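All remarks here apply to the structure that follows.
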Amino acid sequence: MPHTELTARALLLDMDGTLVDSEAVVRRVWRRWADRLGVDVNRAYAIMHGRQAYATMAELLPDRPMELNRADGRRLLAEEAADVAGIVPIPGAPAFLAALAGLPHALVTSADLRLARVRMAAAGLPMPPVRVTAESVSASKPDPECFLKGAAELGVDPADCVVFEDSAAGITAGRAAGMRVVGIGARAAACHPDLHLDTLEALKVATDPDGTIRLAAVS
């Protein structure tokens, strides 16, 4: 049964769809790629959220050499970094990140560091001091490596971390890491996270004297 409150020692935050609304950019870039390869773009839209691009490509084109997928993935990251039209913060994200100042938290994203910086800046959001980006890991979400690395860099046990995610791949990765998950938005609701919020505006963050972070859904 979903919770209305969770406690944690550290928070691990996805970016796209969780803190930043970049849907318009992502769809533009993926449509161009799909048109070049003759791929049904709607199939790409259905599975791309939360994953690194090469992992989505591998599922769409299973017989294609992985080195081509990785090369195309790097090109897509560069295209996305050059396009910030329509990027805005998820409602409530500025206040949420302000509430986390001084608390253990990390950005854990399938974007590379360049794209993460560009998108967070375009949305007017501060970059967390700890970041786990595409260059930091050997496997894409839904593999839990990224969240486990985030916990390790913060020096917090995975069981004491709460993940914020919007995608099935990200929620699966968080659970596989042994963490509880706050799901943001409609995509997350279908995955039955531990706590679901329509936007970050519906979240209250409080801190106990011992450093315990309390996350509560508010109406």
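Identifiers in the structure tokens: chain A, B, ... in order shown; residue index from 1 per chain; ligand index from 1 in order shown.
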- Message: Please return, as a ChimeraX atom specification, all residues of region 20-66 of chain A that DSSP assigns to alpha helix (DSSP H) on the basis of the backbone.
- Response: /A:23-37,41-47,53-60,66
So that I have them on file, write out the residues from the current selection with N, CA, C and O atoms, as a compact mmCIF listing (two decimals), in the first residue's frame.
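Final output, saved to selection.txt:
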# COMPACT_ATOMS: atom_id res chain seq x y z
N GLU A 23 10.53 17.36 -22.06
CA GLU A 23 9.84 16.45 -22.97
C GLU A 23 9.86 16.95 -24.42
O GLU A 23 10.07 16.16 -25.34
N ALA A 24 9.65 18.23 -24.63
CA ALA A 24 9.59 18.76 -26.00
C ALA A 24 10.92 18.56 -26.72
O ALA A 24 10.96 18.13 -27.88
N VAL A 25 12.03 18.85 -26.04
CA VAL A 25 13.35 18.68 -26.65
C VAL A 25 13.61 17.22 -26.96
O VAL A 25 14.05 16.86 -28.06
N VAL A 26 13.35 16.35 -25.99
CA VAL A 26 13.62 14.93 -26.16
C VAL A 26 12.84 14.38 -27.35
O VAL A 26 13.39 13.62 -28.17
N ARG A 27 11.59 14.76 -27.49
CA ARG A 27 10.79 14.26 -28.60
C ARG A 27 11.31 14.77 -29.94
O ARG A 27 11.32 14.03 -30.93
N ARG A 28 11.75 16.02 -30.00
CA ARG A 28 12.30 16.55 -31.25
C ARG A 28 13.53 15.77 -31.69
O ARG A 28 13.67 15.37 -32.84
N VAL A 29 14.44 15.54 -30.73
CA VAL A 29 15.70 14.87 -31.05
C VAL A 29 15.45 13.41 -31.44
O VAL A 29 16.01 12.91 -32.43
N TRP A 30 14.60 12.73 -30.68
CA TRP A 30 14.34 11.32 -31.00
C TRP A 30 13.57 11.15 -32.30
O TRP A 30 13.76 10.17 -33.02
N ARG A 31 12.70 12.10 -32.66
CA ARG A 31 12.00 12.00 -33.93
C ARG A 31 12.97 12.07 -35.10
O ARG A 31 12.86 11.31 -36.06
N ARG A 32 13.95 12.97 -35.01
CA ARG A 32 14.94 13.06 -36.08
C ARG A 32 15.72 11.76 -36.20
O ARG A 32 15.97 11.27 -37.31
N TRP A 33 16.13 11.19 -35.06
CA TRP A 33 16.87 9.93 -35.09
C TRP A 33 16.01 8.82 -35.68
O TRP A 33 16.48 8.05 -36.54
N ALA A 34 14.77 8.71 -35.25
CA ALA A 34 13.89 7.64 -35.74
C ALA A 34 13.64 7.78 -37.23
O ALA A 34 13.63 6.77 -37.96
N ASP A 35 13.47 9.00 -37.70
CA ASP A 35 13.26 9.20 -39.14
C ASP A 35 14.48 8.78 -39.94
O ASP A 35 14.35 8.18 -41.02
N ARG A 36 15.68 9.06 -39.42
CA ARG A 36 16.90 8.67 -40.13
C ARG A 36 17.03 7.15 -40.24
O ARG A 36 17.51 6.63 -41.24
N LEU A 37 16.62 6.45 -39.19
CA LEU A 37 16.79 4.99 -39.15
C LEU A 37 15.55 4.22 -39.60
O LEU A 37 15.58 2.99 -39.66
N VAL A 41 8.73 6.09 -34.34
CA VAL A 41 9.09 6.98 -33.24
C VAL A 41 8.23 6.75 -32.01
O VAL A 41 8.67 6.94 -30.87
N ASN A 42 7.01 6.28 -32.20
CA ASN A 42 6.15 6.02 -31.04
C ASN A 42 6.67 4.86 -30.20
O ASN A 42 6.49 4.85 -28.98
N ARG A 43 7.34 3.89 -30.84
CA ARG A 43 7.98 2.82 -30.08
C ARG A 43 9.12 3.40 -29.24
O ARG A 43 9.33 3.00 -28.09
N ALA A 44 9.85 4.35 -29.82
CA ALA A 44 10.94 4.98 -29.07
C ALA A 44 10.37 5.77 -27.89
O ALA A 44 10.87 5.66 -26.76
N TYR A 45 9.32 6.56 -28.13
CA TYR A 45 8.73 7.35 -27.06
C TYR A 45 8.26 6.45 -25.90
O TYR A 45 8.32 6.85 -24.74
N ALA A 46 7.80 5.26 -26.23
CA ALA A 46 7.22 4.38 -25.21
C ALA A 46 8.26 3.83 -24.24
O ALA A 46 7.91 3.48 -23.11
N ILE A 47 9.52 3.73 -24.66
CA ILE A 47 10.51 3.06 -23.82
C ILE A 47 11.72 3.91 -23.47
O ILE A 47 12.58 3.48 -22.69
N ALA A 53 20.45 6.69 -24.07
CA ALA A 53 19.97 6.53 -25.45
C ALA A 53 20.39 5.20 -26.06
O ALA A 53 19.60 4.55 -26.75
N TYR A 54 21.63 4.78 -25.83
CA TYR A 54 22.10 3.56 -26.46
C TYR A 54 21.29 2.34 -26.03
O TYR A 54 21.07 1.41 -26.81
N ALA A 55 20.81 2.37 -24.78
CA ALA A 55 20.02 1.24 -24.29
C ALA A 55 18.65 1.19 -24.96
O ALA A 55 18.14 0.10 -25.28
N THR A 56 18.06 2.35 -25.21
CA THR A 56 16.80 2.39 -25.95
C THR A 56 17.01 1.91 -27.38
O THR A 56 16.22 1.13 -27.92
N MET A 57 18.07 2.37 -28.01
CA MET A 57 18.37 1.97 -29.39
C MET A 57 18.57 0.47 -29.50
O MET A 57 18.13 -0.17 -30.46
N ALA A 58 19.24 -0.11 -28.51
CA ALA A 58 19.50 -1.55 -28.54
C ALA A 58 18.21 -2.35 -28.47
O ALA A 58 18.11 -3.43 -29.07
N GLU A 59 17.22 -1.82 -27.75
CA GLU A 59 15.94 -2.52 -27.69
C GLU A 59 15.15 -2.35 -28.98
O GLU A 59 14.49 -3.27 -29.44
N LEU A 60 15.25 -1.18 -29.58
CA LEU A 60 14.53 -0.92 -30.82
C LEU A 60 15.15 -1.65 -32.01
O LEU A 60 14.43 -2.09 -32.92
N MET A 66 26.37 -2.61 -31.12
CA MET A 66 26.26 -1.71 -29.97
C MET A 66 27.15 -0.47 -30.13
O MET A 66 26.78 0.61 -29.66
- Item | Contacts of Pro158 (chain A) at 8 Å (only C-alpha atoms; same-chain gap of 5+ positions) as a ChimeraX atom specification | /A:148,151,177-179
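Residues with any atom within 10 Å of Asp143 (chain A), counting only C-alpha atoms and excluding same-chain neighbours fewer than 2 positions away, are Arg51, Val137, Ser138, Ala139, Ser140, Lys141, Glu145, Cys146, Phe147, Leu148, Ala169, Gly170, Thr172, Ala173, Gly174, Arg175, Ala176 and Ala177 of chain A.
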- Task: Rank nothing, just name the residue among A:Pro89, A:Leu200, A:Thr212, A:Pro65 nearest to Met120 (chain A), using only C-alpha atoms.
- Result: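 Nearest to Met120 (chain A): A:Pro89.
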- Task: Find the residue from A:Met48, A:Leu12, A:Leu19, A:Ile213 that sits nearest to Arg119 (chain A); use only C-alpha atoms when measuring.
- Result: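 Between A:Met48, A:Leu12, A:Leu19, A:Ile213, the residue approaching Arg119 (chain A) most closely is A:Leu19.
The space between CA of Thr18 (chain A) and CA of Gly102 (chain A) spans 20.2 Å.
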- Message: Under the rule that only C-alpha atoms are counted, which of A:Gly155, A:Pro62, A:Gly92, A:Gly150 is the nearest residue to Asp21 (chain A)?
- Response: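 For Asp21 (chain A), the nearest of the candidates is A:Gly92.
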- A:Ala82, A:Ala10, A:Ala189, A:Leu107 ranked by distance to Pro126 (chain A), top pick (using only C-alpha atoms):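 Once distances to Pro126 (chain A) are computed over only C-alpha atoms, the minimum belongs to A:Leu107.
Here CA of His196 (chain A) and CA of Thr4 (chain A) stand 8.4 Å from one another.
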- Message: If DSSP is run on the backbone, what residues of region 153-182 of chain A are strand (DSSP E)? A reply as a ChimeraX atom specification would be ideal.
- Response: /A:161-165,180-182
Go ahead and write the residues just picked, all heavy atoms, as an mmCIF file, in the first residue's frame.
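After the write, result.cif holds the following:
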data_model
loop_
_atom_site.group_PDB
_atom_site.id
_atom_site.type_symbol
_atom_site.label_atom_id
_atom_site.label_comp_id
_atom_site.auth_asym_id
_atom_site.auth_seq_id
_atom_site.Cartn_x
_atom_site.Cartn_y
_atom_site.Cartn_z
ATOM 1 N N CYS A 161 18.293 5.456 1.686
ATOM 2 C CA CYS A 161 18.128 6.430 0.615
ATOM 3 C C CYS A 161 16.722 6.346 0.036
ATOM 4 O O CYS A 161 16.122 5.273 -0.034
ATOM 5 C CB CYS A 161 19.130 6.172 -0.515
ATOM 6 S SG CYS A 161 20.855 6.431 -0.063
ATOM 7 N N VAL A 162 16.219 7.480 -0.403
ATOM 8 C CA VAL A 162 14.964 7.537 -1.149
ATOM 9 C C VAL A 162 15.266 8.133 -2.525
ATOM 10 O O VAL A 162 15.948 9.159 -2.638
ATOM 11 C CB VAL A 162 13.895 8.367 -0.422
ATOM 12 C CG1 VAL A 162 12.720 8.683 -1.351
ATOM 13 C CG2 VAL A 162 13.393 7.617 0.802
ATOM 14 N N VAL A 163 14.760 7.459 -3.544
ATOM 15 C CA VAL A 163 14.945 7.870 -4.932
ATOM 16 C C VAL A 163 13.727 8.667 -5.387
ATOM 17 O O VAL A 163 12.585 8.315 -5.062
ATOM 18 C CB VAL A 163 15.117 6.615 -5.819
ATOM 19 C CG1 VAL A 163 14.969 6.953 -7.296
ATOM 20 C CG2 VAL A 163 16.453 5.941 -5.546
ATOM 21 N N PHE A 164 13.959 9.719 -6.158
ATOM 22 C CA PHE A 164 12.884 10.467 -6.823
ATOM 23 C C PHE A 164 12.974 10.189 -8.310
ATOM 24 O O PHE A 164 14.000 10.461 -8.937
ATOM 25 C CB PHE A 164 13.028 11.964 -6.559
ATOM 26 C CG PHE A 164 12.525 12.393 -5.214
ATOM 27 C CD1 PHE A 164 13.201 12.035 -4.043
ATOM 28 C CD2 PHE A 164 11.369 13.162 -5.109
ATOM 29 C CE1 PHE A 164 12.726 12.432 -2.800
ATOM 30 C CE2 PHE A 164 10.893 13.568 -3.856
ATOM 31 C CZ PHE A 164 11.570 13.199 -2.701
ATOM 32 N N GLU A 165 11.911 9.652 -8.883
ATOM 33 C CA GLU A 165 11.919 9.212 -10.284
ATOM 34 C C GLU A 165 10.552 9.416 -10.933
ATOM 35 O O GLU A 165 9.529 9.460 -10.262
ATOM 36 C CB GLU A 165 12.287 7.723 -10.376
ATOM 37 C CG GLU A 165 13.758 7.448 -10.576
ATOM 38 C CD GLU A 165 14.246 7.758 -11.993
ATOM 39 O OE1 GLU A 165 13.403 8.146 -12.857
ATOM 40 O OE2 GLU A 165 15.452 7.611 -12.228
ATOM 41 N N ARG A 180 13.739 2.950 -1.399
ATOM 42 C CA ARG A 180 12.339 3.319 -1.592
ATOM 43 C C ARG A 180 12.263 4.431 -2.624
ATOM 44 O O ARG A 180 13.247 5.140 -2.853
ATOM 45 C CB ARG A 180 11.728 3.747 -0.259
ATOM 46 C CG ARG A 180 11.532 2.576 0.712
ATOM 47 C CD ARG A 180 11.664 3.015 2.151
ATOM 48 N NE ARG A 180 12.996 3.536 2.422
ATOM 49 C CZ ARG A 180 13.248 4.579 3.201
ATOM 50 N NH1 ARG A 180 12.258 5.210 3.807
ATOM 51 N NH2 ARG A 180 14.489 4.987 3.401
ATOM 52 N N VAL A 181 11.092 4.567 -3.241
ATOM 53 C CA VAL A 181 10.967 5.464 -4.393
ATOM 54 C C VAL A 181 9.776 6.398 -4.234
ATOM 55 O O VAL A 181 8.668 5.962 -3.924
ATOM 56 C CB VAL A 181 10.806 4.652 -5.698
ATOM 57 C CG1 VAL A 181 10.679 5.594 -6.890
ATOM 58 C CG2 VAL A 181 11.983 3.702 -5.900
ATOM 59 N N VAL A 182 10.029 7.688 -4.474
ATOM 60 C CA VAL A 182 8.965 8.666 -4.655
ATOM 61 C C VAL A 182 8.786 8.838 -6.161
ATOM 62 O O VAL A 182 9.732 9.200 -6.865
ATOM 63 C CB VAL A 182 9.314 10.019 -4.006
ATOM 64 C CG1 VAL A 182 8.234 11.065 -4.330
ATOM 65 C CG2 VAL A 182 9.473 9.870 -2.506
#
- Between CA of Gly185 (chain A) and CA of Ala202 (chain A), distance in Å (one decimal):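 Value for the CA of Gly185 (chain A)-CA of Ala202 (chain A) distance: 10.9 Å.
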- Query: Closest to Arg74 (chain A) among A:Ala98, A:Val39, A:Val156, A:Ala134, using only C-alpha atoms?
  - Reply: A:Ala134
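Of the listed residues (A:Met127, A:Leu61, A:Ile90, A:Ala99), A:Ile90 comes nearest to Leu197 (chain A); the distances count only C-alpha atoms.
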